[in-house]
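The block underneath contains the structure these notes are about, expressed in structure tokens.
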Amino acid sequence: MSWDGWLEFLQMGGYALHVWGSYLVVPAVVSIEIVLLRLRRNAIYGHLGWRRDELKGA
Amino acid sequence: MLLSEKLLLHGKFRDLENKAWYRYCSPQGFYPLAGALIPWLAAAALTACTAGLYLGFFIAPVDARQGEVARIAFIHIPASLASMLVYLAMAISAGIGLVFNARLAAMAAQALAPTGLMLTFLSLWTGCLWGKPNWGSWWVWNLQTYSESVLAFLYIGFIGLQTAIEDSHWAGKAGALLALAGILGIPVIFAAVPSWTIQHQGALSGATGATGFGAGELASLLAMSLGFLLYAGAAALLRLRCVILERERQSDWVARRRSGAP
């Protein structure tokens, strides 16, 4: 543990833009991928006439 | 005649059809198995990434030469590694689909590609952000950036072929040839990281300044790599279930599932 407080942690030794720009883009693209997957799944469910609440664990 | 048919005629693999696991080699059999695996893979991915982040930010020391910016390594290296391993898995799957005419394998390759492209994007993005203080520029052409860019174009080409060719059988064959040709590039990226004369990114130097990974750095890299690969597995299985339903929508088993078991 090398931090003297949250502010110093957030500053990342002056590299906040680089470090947080790298780390925060991961949840961003993962969220996009999950949303796209849900849309794709809902599209095929709709095409098949499946309703989400009819399917257990599907 | 297909190679798989020759093997079946030879008799060696005839009893395989009776084995329980053989059932999971068909889209119909694999669909519920994939559904059961996804929550476990996702939970394991989350656990591994949480551990990796903790190790990377609170256990690994400040890099003696580069400072805090070297913590990007804990996301850049696992993303790069996963982007290549997912490509290998995709190319091998596509190859199995091509040689054995195995539908599930061809579908798996199709399901892996977008997640692989996402990991490649993460590798390039974090590489640019790490490169800025190291190289003085957001982008520098060297063997790694070149080959990771090629990897991105291979993924885009593979996805493009699947989208452009309407007949999924031919799309799978064309994609497999592209993926297998591209596999030759993977060892180049691996070999290039330490041996390239111009240092790719600054090497990690731990707390002491000696080049090499300390225990904290290594543990974080391993946990994050595992987390990324588990996530890729979960996302690919989610997509594979969509691909299976899309391709098999006219089959009896899909019709029967409407009121059926999970």
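Note on naming: chains are A, B, ... as they come in the structure tokens, residues start from 1 per chain, ligands start from 1 in the order shown.
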Residues of chain B near chain A: apply a cut-off of 7 Å, count only C-alpha atoms, and supply the list as a PyMOL selection string.
chain B and resi 35+58-59+67-69+71-72+126+129-130+239+242+245-246+258+262
Output for the residues just chosen: N, CA and C atoms as a PDB file, in the first residue's frame:
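Produced file again.pdb, reproduced below:
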```pdb
ATOM      1  N   GLY B  35     -25.691 -22.516 -21.398  1.00  0.00           N
ATOM      2  CA  GLY B  35     -26.504 -21.715 -20.494  1.00  0.00           C
ATOM      3  C   GLY B  35     -26.154 -21.952 -19.037  1.00  0.00           C
ATOM      4  N   PHE B  58      -2.709  -2.281  -4.991  1.00  0.00           N
ATOM      5  CA  PHE B  58      -2.371  -2.175  -3.568  1.00  0.00           C
ATOM      6  C   PHE B  58      -1.212  -3.054  -3.133  1.00  0.00           C
ATOM      7  N   ILE B  59      -0.865  -4.073  -3.933  1.00  0.00           N
ATOM      8  CA  ILE B  59       0.241  -4.950  -3.548  1.00  0.00           C
ATOM      9  C   ILE B  59       1.472  -4.667  -4.407  1.00  0.00           C
ATOM     10  N   GLY B  67       7.083   4.959 -12.752  1.00  0.00           N
ATOM     11  CA  GLY B  67       6.075   5.523 -11.862  1.00  0.00           C
ATOM     12  C   GLY B  67       4.753   4.799 -12.005  1.00  0.00           C
ATOM     13  N   GLU B  68       3.689   5.518 -11.603  1.00  0.00           N
ATOM     14  CA  GLU B  68       2.369   4.875 -11.539  1.00  0.00           C
ATOM     15  C   GLU B  68       1.845   4.432 -12.904  1.00  0.00           C
ATOM     16  N   VAL B  69       2.335   5.049 -13.969  1.00  0.00           N
ATOM     17  CA  VAL B  69       1.777   4.747 -15.292  1.00  0.00           C
ATOM     18  C   VAL B  69       1.998   3.279 -15.660  1.00  0.00           C
ATOM     19  N   ARG B  71       1.246   0.849 -14.045  1.00  0.00           N
ATOM     20  CA  ARG B  71       0.112   0.008 -13.638  1.00  0.00           C
ATOM     21  C   ARG B  71      -0.809  -0.327 -14.806  1.00  0.00           C
ATOM     22  N   ILE B  72      -0.665   0.409 -15.903  1.00  0.00           N
ATOM     23  CA  ILE B  72      -1.438   0.064 -17.111  1.00  0.00           C
ATOM     24  C   ILE B  72      -1.082  -1.352 -17.573  1.00  0.00           C
ATOM     25  N   THR B 126      -5.112   0.804 -24.481  1.00  0.00           N
ATOM     26  CA  THR B 126      -4.255   0.945 -23.303  1.00  0.00           C
ATOM     27  C   THR B 126      -2.799   1.096 -23.720  1.00  0.00           C
ATOM     28  N   LEU B 129      -2.234   4.742 -24.449  1.00  0.00           N
ATOM     29  CA  LEU B 129      -2.166   5.553 -23.232  1.00  0.00           C
ATOM     30  C   LEU B 129      -0.865   5.305 -22.463  1.00  0.00           C
ATOM     31  N   TRP B 130      -0.401   4.080 -22.503  1.00  0.00           N
ATOM     32  CA  TRP B 130       0.874   3.758 -21.840  1.00  0.00           C
ATOM     33  C   TRP B 130       2.036   4.287 -22.684  1.00  0.00           C
ATOM     34  N   ARG B 239     -22.984 -15.377 -26.812  1.00  0.00           N
ATOM     35  CA  ARG B 239     -23.174 -15.125 -28.235  1.00  0.00           C
ATOM     36  C   ARG B 239     -23.416 -16.429 -28.984  1.00  0.00           C
ATOM     37  N   CYS B 242     -26.952 -17.350 -29.007  1.00  0.00           N
ATOM     38  CA  CYS B 242     -27.700 -16.579 -30.018  1.00  0.00           C
ATOM     39  C   CYS B 242     -27.481 -17.163 -31.405  1.00  0.00           C
ATOM     40  N   LEU B 245     -29.388 -20.412 -31.948  1.00  0.00           N
ATOM     41  CA  LEU B 245     -30.826 -20.202 -32.179  1.00  0.00           C
ATOM     42  C   LEU B 245     -31.076 -19.597 -33.553  1.00  0.00           C
ATOM     43  N   GLU B 246     -30.186 -18.659 -33.968  1.00  0.00           N
ATOM     44  CA  GLU B 246     -30.382 -18.015 -35.268  1.00  0.00           C
ATOM     45  C   GLU B 246     -30.253 -19.025 -36.409  1.00  0.00           C
ATOM     46  N   ARG B 258     -39.783 -24.133 -26.597  1.00  0.00           N
ATOM     47  CA  ARG B 258     -40.618 -23.021 -26.160  1.00  0.00           C
ATOM     48  C   ARG B 258     -41.195 -23.242 -24.767  1.00  0.00           C
ATOM     49  N   PRO B 262     -34.940 -25.540 -19.199  1.00  0.00           N
ATOM     50  CA  PRO B 262     -34.000 -24.441 -19.454  1.00  0.00           C
ATOM     51  C   PRO B 262     -32.916 -24.775 -20.479  1.00  0.00           C
TER      52      PRO B 262
END
```
Of the candidates B:Leu226, B:Trp138, B:Leu122, B:Ala232, which shows the shortest atom-to-atom distance to Leu24 (chain A), using only C-alpha atoms?
B:Leu122
Running DSSP on the backbone, which parts of region 26-115 of chain B land in alpha helix (DSSP H), as a PyMOL selection string?
chain B and resi 27-54+73-100+103-115
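With CA of Ala48 (chain B) on one side and CA of Leu81 (chain B) on the other, the separation reads 15.6 Å.
Nearest-residue note for Leu39 (chain A): choosing from B:Ile156, B:Leu180, B:Leu238, B:Ala108, the minimum distance belongs to B:Leu238, counting only C-alpha atoms.
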